[in-house]
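Worksheet: one structure, shown below.
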Amino acid sequence: MIAITFHFLTAADFWIGVGVLAATYGIFALGLQLNVGTTGITNFGQAGFMAVGAYTMGILVAKQGWSWWWAMPAAIAASMLAAVIVGLPSLRLRADYFAITTLAFAEIVRYLADNERDLTEGSQGLLGYNSDWFKLSLRLGDWLNGHGVHVTSFLFPLLLVSWGVLLVLTLLVALVVRTPWGRVLRAIREDEDAARALGKNTLAYKLQSLALAAALAAIAGFVLALNLTLLVPDEFDPVFTIFGFVIVILGGLGSYVGVILGSVILMTVLEGTRYVELPLSSDKVAAIRFIIVGLVLILLMAFRPQGILGSKQEMLLGE
Amino acid sequence: MSAISPETTHDENLGAERVPTALLVVVGAMVAAAVVLAITQGAQELAQATINGLVSGSYFALGAAGLTLVYGVLKLVNFAHGEFLTFGAYMAIFAQSAFGFPLALALPFAFVTTAALALGLEAVMWRPMRRKGAGVLQLLLMALGLAFVLRNVIQLVAGTEVRKLSANVTSSVTFGGLHIGRTELWVVIVAFAALIALALMLGHTRLGTHIRALSDNAELAETTGLDTGRIIVYTWILAGGLAGLAGVVYGASIGVITPNLGFGIVLSIFAAAIIGGIGDAYGALAGGMLIGLVQEWSTLVFPVNLKVAVGFGAMILVLVLRPQGIFGRARTAGR
């Protein structure tokens, strides 16, 4: 018997949890959208950049005693530096080789995080980087209470902050791609040789696009870290990047509003299906949910590659 | 697609360099590394690591051979190739438990069933997408999605519990103080036999010539009237079948089989294919051995758990320095 109850849809805790996840994946996927949708570079290593950002922040605060406020910009810089190091040699490669290289980079980061226990604590988990956030979170909660908003969930302040960050960043990226700089990125996607013939240093532009995506991945990593309260390497599995692509494709290649839409849809479906009670073990239920997500990606690619809000011409990449 | 430029020809025809310089450089570097490791870590340890490297190299090569054939003929980066290995391993377990097959019969069973899976996917996914003229990103993401779906279908059907092939993984052969497991010895023999058969087939049969022709220059092959549809079918049979074999020998030699079996080594297989020059079946053999040796030799210096990461590092190094691979000729891997 399949029993589905929809009570969870009215539960505030469910939507707060979904909201924080949607913001995390949304910020993460903004970077993918910039790379894949706007610039036409196949970054399959976004989870690796997120790991560099999250772990740099975590290590600087928990092991080096930095202030959280200073650790975050340093971690963004580290993630961008990783993007430059990875991208400088590999962005010259064809799309498929670049995809494999970035995926391998992300896996190297995960293996290192798993094994450099002195720094990362490996699968034990890195703790103790969020005390500055707790102070802020409590003050935010008090302020909300004082203004008549009474939400008991301790995640509520994170929900507000992460969505604020997501909306601001979405607006910024959407504006940036409308500048002449963004037009060069589109030109590279449409015809890199033509852009080069016009005197544009296309490698530099692609590198900037990748570094910006890495910065966004690092910020997503901070939200993830606060949501999890401890960092473990398995959170930075390549599956995170696959979900990011599902979001980008769902919302539509090249559409930044689509990223938010795609993220909310995917996270609602993924979290909502946890409440579908099947007479199966939990790992089998998890497998079914993932099969559905994978099939959605395949079917979208086959029948509607431009996604919900994308335009068909954004899909001309690589043809 | 600029994968294969028309000027791609064998070196003999160009008469420029008979032994590629890159190959000499790599062999030189490997010999130098071996000497340094033998002096600093001991010859006995190096010899044991070399044996382990040849064992893992043989299943990397077996996996890479199929991956590289598909890339050569179809220009498809099949991320789901790792799941072919997983599927083959589970099919062998199924053959053992359901029909009581010995491992020697479970191997061909895995070959046939995995080849059938590959053909089925060709029919429902890849052929229709080729007809539509799908772009690179579309195909990459479909392959990534397919890998994810297959892995989870296997998990749904077989569960996450660790399974084993009934193979003897404890007894080993010892000579001169070096050990190789009895199963691992069989792994190396099966892998080499399959790869030599593949090399002979590619080099000396009409089908092999056609596959190489299609890999070298699809447009030219088609204008000369080759039946590309038939060649693609055989390519998938070979790729799927060899991946199935690779999954069984890998599963038998590490002794534990989970739904993540293939996903765990698919990037090492990519590394082998890329180092050998993607699209080049002979290169896959050399690339597999090289990755196997690099990974196992690295354990003499670095923590064992990092050996896979070291292998990926070697792949990135090759991609950056020589994107066409060690054996690659006038291919253009750059944009």
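Please note that chains go A, B, ... in the order of the structure tokens, that every chain numbers its residues from 1, and that ligands are numbered from 1 in the order shown.
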Set the distance at 9 Å and use only C-alpha atoms: which residues neighbour Leu198 of chain B once local chain neighbours fewer than 5 positions away are removed? I'd like the list as a PDB file with C-alpha atoms, in the first residue's frame.
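The file below, around_35.pdb, is the result:
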ATOM      1  CA  ALA B  65      39.066  -0.154 -24.278  1.00  0.00           C
ATOM      2  CA  ALA B 193      43.471 -12.358 -23.360  1.00  0.00           C
ATOM      3  CA  GLY B 203      44.065  -4.923 -36.679  1.00  0.00           C
ATOM      4  CA  GLY B 208      38.191  -3.975 -37.119  1.00  0.00           C
ATOM      5  CA  LEU B 238      32.330  -4.700 -27.812  1.00  0.00           C
ATOM      6  CA  ALA B 281      42.202   0.953 -28.427  1.00  0.00           C
TER       7      ALA B 281
END
Could you build a table of the residues in segment 147-233 of chain B lying no more than 9 Å from segment 90-112 of chain B, giving for each the nearest pair of atoms and their separation in Å rounded to one decimal place, using only C-alpha atoms, ordered by chain and ascending residue number, as a Markdown table?
| residue | atom | partner | partner_atom | distance |
| --- | --- | --- | --- | --- |
| B:Ile154 | CA | B:Tyr90 | CA | 8.4 |
| B:Ala158 | CA | B:Tyr90 | CA | 8.1 |
| B:Arg163 | CA | B:Ile93 | CA | 8.1 |
| B:Lys164 | CA | B:Ile93 | CA | 7.4 |
| B:Leu165 | CA | B:Ile93 | CA | 5.7 |
| B:Ser166 | CA | B:Leu103 | CA | 7.5 |
| B:Ala167 | CA | B:Leu103 | CA | 7.1 |
Considering only C-alpha atoms, extract the chain B residues located within 9 Å of chain A and return them as a PyMOL selection string.
chain B and resi 1-3+76-77+125+128-129+132-157+159-160+267+270-271+274+303+305-306+308-310+312-313+315-316+319-321+323+332-335
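Distances here use only C-alpha atoms; by that measure, the residue among A:Glu271, A:Val276, A:Pro157, A:Lys206 closest to Trp181 of chain A is A:Lys206.
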All strand (DSSP E or B) residues (DSSP, backbone) inside segment 95-309 of chain A, as a list of chain:residue names
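Matching residues for strand (DSSP E or B) in segment 95-309 of chain A are A:Leu126, A:Leu231, A:Val276, A:Glu277.
Residue neighbourhood of Ala220 of chain A, excluding near-sequence residues (fewer than 6 positions): Thr24, Ile27 and Phe28 of chain A, at 6 Å, using only C-alpha atoms.
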Keeping only N, CA and C atoms, write those residues as a PDB file, in the first residue's frame.
ATOM      1  N   THR A  24      20.599  27.232  -1.145  1.00  0.00           N
ATOM      2  CA  THR A  24      21.949  26.686  -1.287  1.00  0.00           C
ATOM      3  C   THR A  24      22.193  26.245  -2.729  1.00  0.00           C
ATOM      4  N   ILE A  27      22.173  29.247  -5.304  1.00  0.00           N
ATOM      5  CA  ILE A  27      23.424  30.007  -5.397  1.00  0.00           C
ATOM      6  C   ILE A  27      24.468  29.185  -6.155  1.00  0.00           C
ATOM      7  N   PHE A  28      24.521  27.881  -5.821  1.00  0.00           N
ATOM      8  CA  PHE A  28      25.440  26.949  -6.475  1.00  0.00           C
ATOM      9  C   PHE A  28      25.196  26.917  -7.987  1.00  0.00           C
TER      10      PHE A  28
END
Please, which residues of segment 124-250 of chain B, numbered as in this document, come out helix (DSSP H, G or I) from DSSP, as a PyMOL selection string?
chain B and resi 124-132+136-158+182-204+206-216+218-223+228-250
Would you output that residue set with C-alpha atoms, as a compact mmCIF listing (two decimals), in the first residue's frame?
# COMPACT_ATOMS: atom_id res chain seq x y z
CA VAL B 124 16.27 4.06 -27.08
CA MET B 125 18.66 6.96 -26.41
CA TRP B 126 21.76 7.44 -28.46
CA ARG B 127 20.49 6.65 -31.97
CA PRO B 128 17.42 8.92 -31.65
CA MET B 129 19.64 11.70 -30.26
CA ARG B 130 22.10 11.37 -33.16
CA ARG B 131 19.17 11.62 -35.59
CA LYS B 132 18.13 14.84 -33.85
CA VAL B 136 27.81 18.22 -27.06
CA LEU B 137 26.26 19.58 -23.86
CA GLN B 138 23.02 17.68 -24.45
CA LEU B 139 24.92 14.40 -24.87
CA LEU B 140 27.25 15.02 -21.89
CA LEU B 141 24.33 15.74 -19.57
CA MET B 142 22.29 12.81 -20.88
CA ALA B 143 25.25 10.50 -20.25
CA LEU B 144 25.66 11.93 -16.75
CA GLY B 145 21.93 11.51 -16.07
CA LEU B 146 22.02 7.97 -17.45
CA ALA B 147 24.91 7.03 -15.15
CA PHE B 148 22.89 8.34 -12.21
CA VAL B 149 19.75 6.45 -13.27
CA LEU B 150 21.53 3.13 -13.90
CA ARG B 151 23.39 3.29 -10.60
CA ASN B 152 20.18 3.86 -8.69
CA VAL B 153 18.23 1.22 -10.64
CA ILE B 154 20.94 -1.28 -9.66
CA GLN B 155 20.65 -0.05 -6.06
CA LEU B 156 16.87 -0.36 -6.18
CA VAL B 157 16.95 -3.93 -7.49
CA ALA B 158 20.00 -5.31 -5.71
CA ARG B 182 45.21 -16.53 -7.33
CA THR B 183 42.10 -14.61 -8.41
CA GLU B 184 44.21 -11.61 -9.38
CA LEU B 185 46.40 -13.82 -11.54
CA TRP B 186 43.25 -14.90 -13.37
CA VAL B 187 42.15 -11.30 -13.63
CA VAL B 188 45.36 -10.37 -15.41
CA ILE B 189 45.14 -13.41 -17.71
CA VAL B 190 41.48 -12.77 -18.64
CA ALA B 191 42.09 -9.07 -19.21
CA PHE B 192 45.15 -9.59 -21.37
CA ALA B 193 43.47 -12.36 -23.36
CA ALA B 194 40.46 -10.12 -24.05
CA LEU B 195 42.61 -7.12 -24.95
CA ILE B 196 44.88 -9.13 -27.25
CA ALA B 197 41.81 -10.59 -28.95
CA LEU B 198 40.45 -7.05 -29.36
CA ALA B 199 43.75 -5.79 -30.76
CA LEU B 200 43.90 -8.67 -33.27
CA MET B 201 40.29 -8.07 -34.24
CA LEU B 202 40.87 -4.33 -34.75
CA GLY B 203 44.06 -4.92 -36.68
CA HIS B 204 43.27 -7.89 -38.84
CA ARG B 206 37.30 -6.37 -41.91
CA LEU B 207 35.12 -5.22 -38.97
CA GLY B 208 38.19 -3.98 -37.12
CA THR B 209 39.35 -2.01 -40.13
CA HIS B 210 35.90 -0.48 -40.48
CA ILE B 211 35.76 0.51 -36.80
CA ARG B 212 39.16 2.18 -37.09
CA ALA B 213 38.14 3.89 -40.31
CA LEU B 214 35.00 5.29 -38.67
CA SER B 215 37.05 6.47 -35.66
CA ASP B 216 39.59 8.16 -37.87
CA ALA B 218 33.49 9.44 -39.93
CA GLU B 219 32.62 11.54 -42.98
CA LEU B 220 35.15 9.86 -45.23
CA ALA B 221 34.14 6.41 -43.95
CA GLU B 222 30.50 7.16 -44.74
CA THR B 223 31.18 8.52 -48.23
CA THR B 228 27.97 2.78 -40.28
CA GLY B 229 24.81 1.49 -38.57
CA ARG B 230 26.21 -2.03 -38.45
CA ILE B 231 29.63 -0.84 -37.23
CA ILE B 232 28.00 1.18 -34.44
CA VAL B 233 26.08 -1.90 -33.29
CA TYR B 234 29.29 -3.94 -33.10
CA THR B 235 31.05 -1.09 -31.31
CA TRP B 236 28.40 -1.09 -28.57
CA ILE B 237 28.57 -4.90 -28.31
CA LEU B 238 32.33 -4.70 -27.81
CA ALA B 239 32.19 -1.71 -25.47
CA GLY B 240 29.38 -3.13 -23.32
CA GLY B 241 30.79 -6.65 -23.32
CA LEU B 242 34.31 -5.57 -22.37
CA ALA B 243 32.90 -3.29 -19.66
CA GLY B 244 30.90 -6.26 -18.31
CA LEU B 245 34.08 -8.35 -18.22
CA ALA B 246 35.96 -5.50 -16.57
CA GLY B 247 33.25 -5.25 -13.89
CA VAL B 248 33.50 -8.96 -13.10
CA VAL B 249 37.30 -9.07 -12.91
CA TYR B 250 37.38 -5.85 -10.88
List as a ChimeraX atom specification the protein and nucleic acid residues near Leu138 of chain A, meaning an atom at most 12 Å away when only C-alpha atoms are counted, but skip any in the same chain fewer than 3 places from it.
/A:131-135,141-145,152-158
Pick out the closest residue to Gly288 of chain B from this set: B:Ala115, B:Leu46, B:Val266, B:Ala34. Count only C-alpha atoms.
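Using only C-alpha atoms, the shortest distance to Gly288 of chain B belongs to B:Val266.
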Just checking: using only C-alpha atoms, which residue out of A:Gly53, A:Pro279, A:Gly58, A:Gly31 ends up closest to Met80 of chain A?
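Selected residue with least distance to Met80 of chain A: A:Gly53.
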Shell of 12 Å around Glu121 of chain A, only C-alpha atoms, local chain residues under 2 positions omitted, as a count of residues only
23
